>>> print(open('final24.cif').read())   # mmCIF, C-alpha atoms and all ligand atoms
data_start
#
loop_
_atom_site.group_PDB
_atom_site.id
_atom_site.type_symbol
_atom_site.label_atom_id
_atom_site.label_comp_id
_atom_site.auth_asym_id
_atom_site.auth_seq_id
_atom_site.Cartn_x
_atom_site.Cartn_y
_atom_site.Cartn_z
ATOM 1 C CA MET V 1408 68.344 -44.900 74.566
ATOM 2 C CA MET V 1409 67.134 -42.546 71.824
ATOM 3 C CA PRO V 1410 65.494 -39.398 73.215
ATOM 4 C CA LEU V 1411 61.768 -39.534 72.741
ATOM 5 C CA VAL V 1412 61.180 -36.096 71.252
ATOM 6 C CA PRO V 1413 63.155 -36.595 67.995
ATOM 7 C CA LEU V 1414 61.500 -39.971 67.552
ATOM 8 C CA LEU V 1415 58.077 -38.437 67.958
ATOM 9 C CA LYS V 1416 59.037 -35.618 65.624
ATOM 10 C CA ALA V 1417 60.145 -38.115 62.997
ATOM 11 C CA ALA V 1418 56.907 -40.043 63.360
ATOM 12 C CA ILE V 1419 54.657 -37.044 62.881
ATOM 13 C CA ALA V 1420 56.870 -35.168 60.397
ATOM 14 C CA PRO V 1421 54.860 -35.930 57.218
ATOM 15 C CA ALA V 1422 51.592 -34.738 58.802
ATOM 16 C CA VAL V 1423 53.251 -31.606 60.141
ATOM 17 C CA ASP V 1424 54.856 -30.857 56.766
ATOM 18 C CA PHE V 1425 51.486 -31.158 55.154
ATOM 19 C CA ALA V 1426 49.922 -28.658 57.509
ATOM 20 C CA LEU V 1427 52.683 -26.043 57.176
ATOM 21 C CA PRO V 1428 52.290 -23.236 54.641
ATOM 22 C CA PRO V 1429 54.285 -23.699 51.413
ATOM 23 C CA ARG V 1430 57.717 -22.118 51.434
ATOM 24 C CA CYS V 1431 59.840 -20.650 48.679
ATOM 25 C CA PRO V 1432 62.377 -23.296 47.540
ATOM 26 C CA GLY V 1433 65.026 -20.569 47.245
ATOM 27 C CA CYS V 1434 64.856 -18.695 50.568
ATOM 28 C CA GLY V 1435 62.193 -20.327 52.715
ATOM 29 C CA ALA V 1436 59.779 -17.357 52.718
ATOM 30 C CA ILE V 1437 56.110 -18.298 52.937
ATOM 31 C CA VAL V 1438 54.504 -18.326 49.486
ATOM 32 C CA ALA V 1439 50.977 -18.882 48.184
ATOM 33 C CA GLN V 1440 51.645 -22.142 46.338
ATOM 34 C CA ASP V 1441 53.732 -25.231 46.850
ATOM 35 C CA LEU V 1442 56.972 -25.257 44.786
ATOM 36 C CA ALA V 1443 56.609 -21.598 43.819
ATOM 37 C CA PHE V 1444 59.423 -19.072 44.200
ATOM 38 C CA CYS V 1445 58.888 -15.772 46.006
ATOM 39 C CA LEU V 1446 59.188 -12.602 43.934
ATOM 40 C CA ALA V 1447 62.640 -11.713 45.274
ATOM 41 C CA CYS V 1448 64.062 -15.128 44.343
ATOM 42 C CA TRP V 1449 62.278 -15.056 41.013
ATOM 43 C CA ASP V 1450 63.949 -11.706 40.268
ATOM 44 C CA GLY V 1451 67.312 -13.103 41.325
ATOM 45 C CA MET V 1452 67.262 -16.035 38.897
ATOM 46 C CA GLU V 1453 68.636 -15.866 35.375
ATOM 47 C CA PHE V 1454 66.417 -18.038 33.177
ATOM 48 C CA LEU V 1455 68.132 -19.117 29.965
ATOM 49 C CA SER V 1456 66.421 -19.081 26.594
ATOM 50 C CA ASP V 1457 67.003 -18.393 22.923
ATOM 51 C CA PRO V 1458 69.024 -17.018 21.253
ATOM 52 C CA CYS V 1459 71.839 -19.355 22.229
ATOM 53 C CA CYS V 1460 74.504 -21.633 20.755
ATOM 54 C CA ALA V 1461 72.741 -24.568 19.091
ATOM 55 C CA ARG V 1462 75.267 -27.009 20.552
ATOM 56 C CA CYS V 1463 76.157 -25.860 24.078
ATOM 57 C CA GLY V 1464 73.305 -23.450 24.878
ATOM 58 C CA LEU V 1465 75.592 -20.509 25.623
ATOM 59 C CA PRO V 1466 73.397 -17.376 25.474
ATOM 60 C CA PHE V 1467 73.989 -15.123 22.456
ATOM 61 C CA PRO V 1468 73.498 -11.355 22.781
ATOM 62 C CA HIS V 1469 71.366 -11.399 19.633
ATOM 63 C CA GLU V 1470 69.860 -13.837 17.127
ATOM 64 C CA MET V 1471 72.588 -15.499 15.011
ATOM 65 C CA GLY V 1472 70.408 -17.631 12.735
ATOM 66 C CA PRO V 1473 69.236 -21.252 13.036
ATOM 67 C CA GLY V 1474 71.920 -23.762 14.017
ATOM 68 C CA ALA V 1475 74.531 -21.101 14.843
ATOM 69 C CA GLU V 1476 77.266 -22.294 17.196
ATOM 70 C CA CYS V 1477 79.601 -20.359 19.491
ATOM 71 C CA ALA V 1478 83.323 -20.027 18.733
ATOM 72 C CA ARG V 1479 84.250 -22.541 21.443
ATOM 73 C CA CYS V 1480 81.954 -25.252 20.037
ATOM 74 C CA ILE V 1481 83.264 -24.690 16.507
ATOM 75 C CA ALA V 1482 86.887 -24.951 17.703
ATOM 76 C CA ASP V 1483 86.362 -27.885 20.071
ATOM 77 C CA PRO V 1484 82.894 -29.469 19.743
ATOM 78 C CA PRO V 1485 81.516 -31.062 22.919
ATOM 79 C CA PRO V 1486 80.336 -34.702 22.610
ATOM 80 C CA TRP V 1487 76.625 -33.782 22.607
ATOM 81 C CA ASP V 1488 74.430 -32.405 19.848
ATOM 82 C CA GLY V 1489 72.607 -29.907 22.009
ATOM 83 C CA ALA V 1490 72.606 -28.674 25.595
ATOM 84 C CA ARG V 1491 70.076 -26.611 27.504
ATOM 85 C CA ALA V 1492 69.771 -25.468 31.086
ATOM 86 C CA VAL V 1493 66.889 -23.860 32.931
ATOM 87 C CA LEU V 1494 69.044 -21.356 34.823
ATOM 88 C CA ALA V 1495 72.446 -19.755 34.858
ATOM 89 C CA TYR V 1496 74.253 -21.041 37.935
ATOM 90 C CA GLY V 1497 73.694 -18.638 40.840
ATOM 91 C CA ASP V 1498 72.794 -18.591 44.545
ATOM 92 C CA ILE V 1499 69.181 -19.708 44.152
ATOM 93 C CA ALA V 1500 69.894 -22.345 41.499
ATOM 94 C CA ARG V 1501 72.625 -23.718 43.780
ATOM 95 C CA THR V 1502 70.390 -23.667 46.885
ATOM 96 C CA VAL V 1503 67.671 -25.654 45.134
ATOM 97 C CA ALA V 1504 70.182 -28.199 43.778
ATOM 98 C CA LEU V 1505 71.836 -28.630 47.190
ATOM 99 C CA ARG V 1506 68.520 -28.928 49.052
ATOM 100 C CA LEU V 1507 67.476 -31.683 46.686
ATOM 101 C CA LYS V 1508 70.798 -33.513 46.787
ATOM 102 C CA TYR V 1509 71.920 -33.169 50.397
ATOM 103 C CA GLY V 1510 68.840 -31.770 52.143
ATOM 104 C CA ARG V 1511 66.707 -34.650 50.873
ATOM 105 C CA ARG V 1512 63.995 -32.249 49.694
ATOM 106 C CA ILE V 1513 63.004 -34.695 46.986
ATOM 107 C CA GLY V 1514 59.882 -32.684 46.100
ATOM 108 C CA LEU V 1515 62.261 -30.239 44.423
ATOM 109 C CA ALA V 1516 62.856 -32.805 41.652
ATOM 110 C CA ARG V 1517 59.298 -32.094 40.492
ATOM 111 C CA LEU V 1518 59.931 -28.351 40.526
ATOM 112 C CA ILE V 1519 63.072 -28.793 38.426
ATOM 113 C CA ALA V 1520 61.314 -31.120 35.974
ATOM 114 C CA ARG V 1521 58.459 -28.628 35.555
ATOM 115 C CA HIS V 1522 60.916 -25.919 34.590
ATOM 116 C CA MET V 1523 62.779 -28.256 32.238
ATOM 117 C CA VAL V 1524 59.725 -29.083 30.149
ATOM 118 C CA ARG V 1525 59.999 -26.069 27.859
ATOM 119 C CA HIS V 1526 63.520 -27.167 26.867
ATOM 120 C CA VAL V 1527 62.553 -30.711 25.872
ATOM 121 C CA PRO V 1528 63.180 -31.027 22.124
ATOM 122 C CA ASP V 1529 60.038 -31.877 20.216
ATOM 123 C CA GLY V 1530 60.366 -35.198 18.450
ATOM 124 C CA VAL V 1531 56.948 -36.470 17.500
ATOM 125 C CA ASP V 1532 58.293 -39.026 15.001
ATOM 126 C CA ASP V 1533 61.437 -39.806 16.948
ATOM 127 C CA PRO V 1534 60.840 -39.210 20.667
ATOM 128 C CA PRO V 1535 63.990 -39.140 22.791
ATOM 129 C CA VAL V 1536 64.583 -41.516 25.681
ATOM 130 C CA ILE V 1537 65.219 -39.717 28.974
ATOM 131 C CA VAL V 1538 68.427 -40.975 30.639
ATOM 132 C CA PRO V 1539 69.680 -39.575 33.979
ATOM 133 C CA VAL V 1540 73.374 -39.186 34.803
ATOM 134 C CA PRO V 1541 73.878 -42.213 37.054
ATOM 135 C CA LEU V 1542 75.463 -42.394 40.507
ATOM 136 C CA HIS V 1543 77.931 -45.065 41.469
ATOM 137 C CA ARG V 1544 76.120 -47.780 43.424
ATOM 138 C CA TRP V 1545 78.029 -46.934 46.624
ATOM 139 C CA ARG V 1546 76.996 -43.312 46.460
ATOM 140 C CA LEU V 1547 73.442 -44.327 45.646
ATOM 141 C CA TRP V 1548 73.476 -46.638 48.660
ATOM 142 C CA ASN V 1549 74.784 -43.821 50.842
ATOM 143 C CA ARG V 1550 72.432 -41.105 49.686
ATOM 144 C CA GLY V 1551 69.454 -43.354 49.077
ATOM 145 C CA PHE V 1552 68.457 -41.713 45.811
ATOM 146 C CA ASN V 1553 69.873 -40.280 42.605
ATOM 147 C CA GLN V 1554 68.682 -36.696 42.238
ATOM 148 C CA SER V 1555 69.013 -36.782 38.432
ATOM 149 C CA ALA V 1556 66.937 -39.972 38.262
ATOM 150 C CA LEU V 1557 64.189 -38.350 40.362
ATOM 151 C CA ILE V 1558 64.146 -35.371 37.988
ATOM 152 C CA ALA V 1559 64.120 -37.744 34.989
ATOM 153 C CA ASP V 1560 61.129 -39.648 36.405
ATOM 154 C CA HIS V 1561 59.122 -36.465 36.903
ATOM 155 C CA LEU V 1562 60.049 -35.216 33.437
ATOM 156 C CA ALA V 1563 58.926 -38.537 31.921
ATOM 157 C CA ARG V 1564 55.643 -38.329 33.805
ATOM 158 C CA ILE V 1565 54.977 -34.769 32.627
ATOM 159 C CA THR V 1566 56.012 -35.246 28.980
ATOM 160 C CA GLY V 1567 55.003 -38.868 28.416
ATOM 161 C CA LEU V 1568 58.503 -39.622 27.081
ATOM 162 C CA PRO V 1569 60.128 -42.957 27.932
ATOM 163 C CA VAL V 1570 62.789 -43.008 30.662
ATOM 164 C CA ASP V 1571 65.622 -45.526 31.067
ATOM 165 C CA ARG V 1572 67.324 -45.402 34.454
ATOM 166 C CA HIS V 1573 69.396 -48.538 34.013
ATOM 167 C CA ALA V 1574 71.025 -48.425 30.565
ATOM 168 C CA LEU V 1575 73.796 -46.024 31.578
ATOM 169 C CA ARG V 1576 75.865 -47.023 34.601
ATOM 170 C CA ARG V 1577 78.662 -45.444 36.578
ATOM 171 C CA VAL V 1578 81.217 -48.235 36.625
ATOM 172 C CA LYS V 1579 84.039 -46.326 38.308
ATOM 173 C CA ARG V 1580 83.785 -44.460 41.560
ATOM 174 C CA THR V 1581 85.064 -40.913 41.084
ATOM 175 C CA ARG V 1582 86.141 -38.350 43.663
ATOM 176 C CA PRO V 1583 84.201 -35.068 43.805
ATOM 177 C CA LEU V 1584 85.486 -32.905 40.941
ATOM 178 C CA ARG V 1585 85.446 -29.684 42.935
ATOM 179 C CA GLY V 1586 88.835 -27.964 42.925
ATOM 180 C CA MET V 1587 90.166 -29.844 39.892
ATOM 181 C CA ASN V 1588 91.106 -28.077 36.682
ATOM 182 C CA PRO V 1589 89.322 -29.125 33.449
ATOM 183 C CA LYS V 1590 92.079 -31.574 32.438
ATOM 184 C CA GLU V 1591 92.046 -33.271 35.856
ATOM 185 C CA ARG V 1592 88.250 -33.493 35.735
ATOM 186 C CA ASP V 1593 88.342 -35.136 32.314
ATOM 187 C CA ARG V 1594 90.927 -37.615 33.548
ATOM 188 C CA ALA V 1595 88.943 -38.355 36.730
ATOM 189 C CA VAL V 1596 85.768 -39.317 34.850
ATOM 190 C CA ARG V 1597 87.440 -41.143 31.945
ATOM 191 C CA GLY V 1598 85.995 -44.653 31.679
ATOM 192 C CA ALA V 1599 83.579 -43.945 34.547
ATOM 193 C CA PHE V 1600 80.423 -44.609 32.519
ATOM 194 C CA ALA V 1601 79.286 -47.535 30.388
ATOM 195 C CA LEU V 1602 76.104 -48.841 28.847
ATOM 196 C CA THR V 1603 74.749 -52.201 29.950
ATOM 197 C CA PRO V 1604 75.326 -54.875 27.281
ATOM 198 C CA THR V 1605 71.580 -55.332 26.782
ATOM 199 C CA HIS V 1606 70.657 -51.644 26.454
ATOM 200 C CA GLY V 1607 68.144 -50.682 23.803
ATOM 201 C CA LEU V 1608 69.423 -47.195 23.013
ATOM 202 C CA ALA V 1609 71.306 -47.876 19.754
ATOM 203 C CA GLY V 1610 69.984 -45.634 16.994
ATOM 204 C CA ARG V 1611 67.839 -43.662 19.451
ATOM 205 C CA ARG V 1612 67.849 -40.033 20.542
ATOM 206 C CA VAL V 1613 68.680 -39.490 24.204
ATOM 207 C CA LEU V 1614 67.823 -36.638 26.545
ATOM 208 C CA LEU V 1615 70.552 -36.777 29.194
ATOM 209 C CA ILE V 1616 69.471 -35.290 32.544
ATOM 210 C CA ASP V 1617 71.879 -33.700 35.010
ATOM 211 C CA ASP V 1618 71.250 -31.380 37.946
ATOM 212 C CA VAL V 1619 74.126 -28.938 37.636
ATOM 213 C CA HIS V 1620 76.514 -28.483 34.745
ATOM 214 C CA THR V 1621 79.774 -26.776 35.699
ATOM 215 C CA SER V 1622 82.814 -27.941 33.741
ATOM 216 C CA GLY V 1623 80.710 -30.472 31.838
ATOM 217 C CA ALA V 1624 83.253 -33.264 32.428
ATOM 218 C CA THR V 1625 80.720 -35.699 33.901
ATOM 219 C CA ALA V 1626 78.058 -35.047 31.269
ATOM 220 C CA ALA V 1627 80.701 -35.285 28.527
ATOM 221 C CA ALA V 1628 81.843 -38.693 29.803
ATOM 222 C CA CYS V 1629 78.189 -39.837 29.809
ATOM 223 C CA ALA V 1630 77.623 -38.499 26.289
ATOM 224 C CA ARG V 1631 80.726 -40.334 25.034
ATOM 225 C CA ALA V 1632 79.533 -43.605 26.583
ATOM 226 C CA LEU V 1633 76.117 -43.135 24.947
ATOM 227 C CA ARG V 1634 77.775 -42.444 21.604
ATOM 228 C CA ARG V 1635 79.961 -45.536 21.903
ATOM 229 C CA GLY V 1636 76.772 -47.524 22.438
ATOM 230 C CA GLY V 1637 75.332 -46.287 19.139
ATOM 231 C CA VAL V 1638 73.063 -43.504 20.433
ATOM 232 C CA ARG V 1639 72.400 -41.275 17.447
ATOM 233 C CA HIS V 1640 71.725 -37.920 19.082
ATOM 234 C CA VAL V 1641 72.391 -36.650 22.611
ATOM 235 C CA THR V 1642 70.809 -33.554 24.131
ATOM 236 C CA LEU V 1643 71.942 -32.571 27.607
ATOM 237 C CA LEU V 1644 69.323 -30.956 29.830
ATOM 238 C CA CYS V 1645 70.264 -29.486 33.240
ATOM 239 C CA TRP V 1646 68.762 -27.437 36.018
ATOM 240 C CA ALA V 1647 71.635 -24.943 36.094
ATOM 241 C CA ARG V 1648 74.817 -24.321 34.179
ATOM 242 C CA ALA V 1649 77.849 -22.185 34.800
ATOM 243 C CA LEU V 1650 78.320 -19.478 32.232
ATOM 244 C CA PRO V 1651 81.879 -18.503 31.218
ATOM 245 C CA HIS V 1652 81.700 -15.293 33.309
ATOM 246 C CA ASP V 1653 81.042 -17.393 36.437
ATOM 247 C CA GLY V 1654 84.601 -18.594 36.750
ATOM 248 C CA PRO V 1655 87.563 -20.270 35.088
ATOM 249 C CA ASP V 1656 85.645 -23.510 34.349
HETATM 250 ZN ZN ZN P 1701 62.482 -16.833 47.900
HETATM 251 ZN ZN ZN P 1702 78.572 -23.440 22.038
#
>>> encode(input="final24.cif", output="C-alpha cells")
Amino acid sequence: MMPLVPLLKAAIAPAVDFALPPRCPGCGAIVAQDLAFCLACWDGMEFLSDPCCARCGLPFPHEMGPGAECARCIADPPPWDGARAVLAYGDIARTVALRLKYGRRIGLARLIARHMVRHVPDGVDDPPVIVPVPLHRWRLWNRGFNQSALIADHLARITGLPVDRHALRRVKRTRPLRGMNPKERDRAVRGAFALTPTHGLAGRRVLLIDDVHTSGATAAACARALRRGGVRHVTLLCWARALPHDGPD
C-alpha cells in the first residue's frame, strides 16, 4: 500500500506551492517576485548582447560593423543564418535548464521565453514561425513534455508570432551526445530530423528554439532539415550557449 503522507502531499502540492514565497530560479533564495533571480545569481550570469558575430552570435570585444562574422563562421559557415542566446553557459544557466528539463519546473519555460524576447528578430512584413527542437516520441512519452516546445509556446504567446510544434520531427532516436567529440555528435544526429510531408514552412523564416546550445550538432541537424524543406531563413534562439572558452566543444 502507498504510504498516506506522500499521497496527501501530492494532493495538496499545488495549493502549498501557491502559498510559498517565490524563490530564485538559480539558487532557491526567497525573492520578492515570482520568476525573478536574486542579486547574487543575477551578478553571476553572463547575458549576451551586441556586438557579436551576425551568424553564430559569438560575442565580439568591440563593434565590427553590420553583418560582420567571426573567423570560424567565414571558414566553415553553420547551417543557420543567425544564432542568439540569452546567456553564456554557466552554473545558473545550467541549473535553470536542468530544473526545467528534469526537475519538471515547467514554469521556468516562461522565464526563459521572457528573456528570449529581446533577441527575436523583428520581421513586421515577414514574421518568422517559431519551431522548437523536437524530442523523439519515446523521450516525449517518458518525460511528458518537450522543454523547447514549452518555451516556444510562451514565446509565441508573448510575441504574437505563430508557432508550429509539429512540422519538424525527430525521426531517429539518438543517444545523449555528452562525451562525444564534434564529429561523433554530427554523425549521431545525422538524419535524425525531418519535416512532415504536409508542412507549410517552405519559403518562410523560422525561429528555431533550443534550451541549451553546446556543440550545436542537434540544432545544426534541425537547421539542415528545415533548409531541405525549403525554409528560407533560420535563426536559432537558445537559453544558453557554450562559448569557446568554456571547453573543447
Ligand atoms: Zn539566486
Ligand atoms: Zn560566428
>>> resolve_selection(input="final24.cif", expression="the PyMOL selection byres (((not hetatm)) within 12 of (chain P and resi 1702))", output="ChimeraX atom specification")
/V:1458-1467,1474-1491,1650-1651
>>> atom_distance(input="final24.cif", atom1="atom CA of V:Leu1602", atom2="atom CA of V:Lys1590")
23.8 Å
>>> residues_around(input="final24.cif", residues="stretch 1443-1455 of chain V", least_positions_apart="6", cutoff="7 Å", atoms="only C-alpha atoms", output="list in words")
Cys1431, Pro1432, Gly1433, Ala1436, Ala1492, Val1493, Leu1494, Ala1495 and Ile1499 of chain V
>>> resolve_selection(input="final24.cif", expression="the PyMOL selection byres (((chain V and resi 1563-1572) around 9) and not hetatm)", output="list in words")
Ala1520, Arg1521, Val1524, Val1527, Pro1534, Pro1535, Val1536, Ile1537, Val1538, Pro1539, Val1540, Pro1541, Ala1556, Ile1558, Ala1559, Asp1560, His1561, Leu1562, His1573, Ala1574, Leu1575 and Arg1576 of chain V
>>> closest_residue(input="final24.cif", among="V:His1620, V:Arg1631, V:Gly1514, V:Arg1580", to="V:Ala1500", atoms="all atoms listed in the file")
V:His1620
>>> atom_distance(input="final24.cif", atom1="atom CA of V:Ala1516", atom2="atom CA of V:Tyr1496")
16.8 Å
>>> residues_around(input="final24.cif", residues="V:Arg1639", least_positions_apart="6", cutoff="10 Å", atoms="all atoms listed in the file", output="compact mmCIF listing (two decimals) with C-alpha atoms, keeping the file's coordinate frame")
# COMPACT_ATOMS: atom_id res chain seq x y z
CA ASP V 1488 74.43 -32.40 19.85
CA LEU V 1608 69.42 -47.20 23.01
CA ALA V 1609 71.31 -47.88 19.75
CA GLY V 1610 69.98 -45.63 16.99
CA ARG V 1611 67.84 -43.66 19.45
CA ARG V 1612 67.85 -40.03 20.54
CA VAL V 1613 68.68 -39.49 24.20
CA LEU V 1633 76.12 -43.14 24.95
>>> closest_residue(input="final24.cif", among="V:Asp1529, V:Asp1617, V:Asp1593, V:Asp1498", to="ligand ZN 1701 (chain P)", atoms="all atoms listed in the file")
V:Asp1498
>>> resolve_selection(input="final24.cif", expression="the PyMOL selection byres (((chain V and resi 1619) around 6) and not hetatm)", output="list in words")
Asp1617, Asp1618, His1620, Cys1645, Trp1646, Ala1647 and Arg1648 of chain V
>>> write_last_selection(input="final24.cif", atoms="C-alpha atoms", output="compact mmCIF listing (two decimals), in the coordinates of the input")
# COMPACT_ATOMS: atom_id res chain seq x y z
CA ASP V 1617 71.88 -33.70 35.01
CA ASP V 1618 71.25 -31.38 37.95
CA HIS V 1620 76.51 -28.48 34.74
CA CYS V 1645 70.26 -29.49 33.24
CA TRP V 1646 68.76 -27.44 36.02
CA ALA V 1647 71.64 -24.94 36.09
CA ARG V 1648 74.82 -24.32 34.18
>>> atom_distance(input="final24.cif", atom1="atom CA of V:Glu1591", atom2="atom CA of V:Ser1622")
10.9 Å
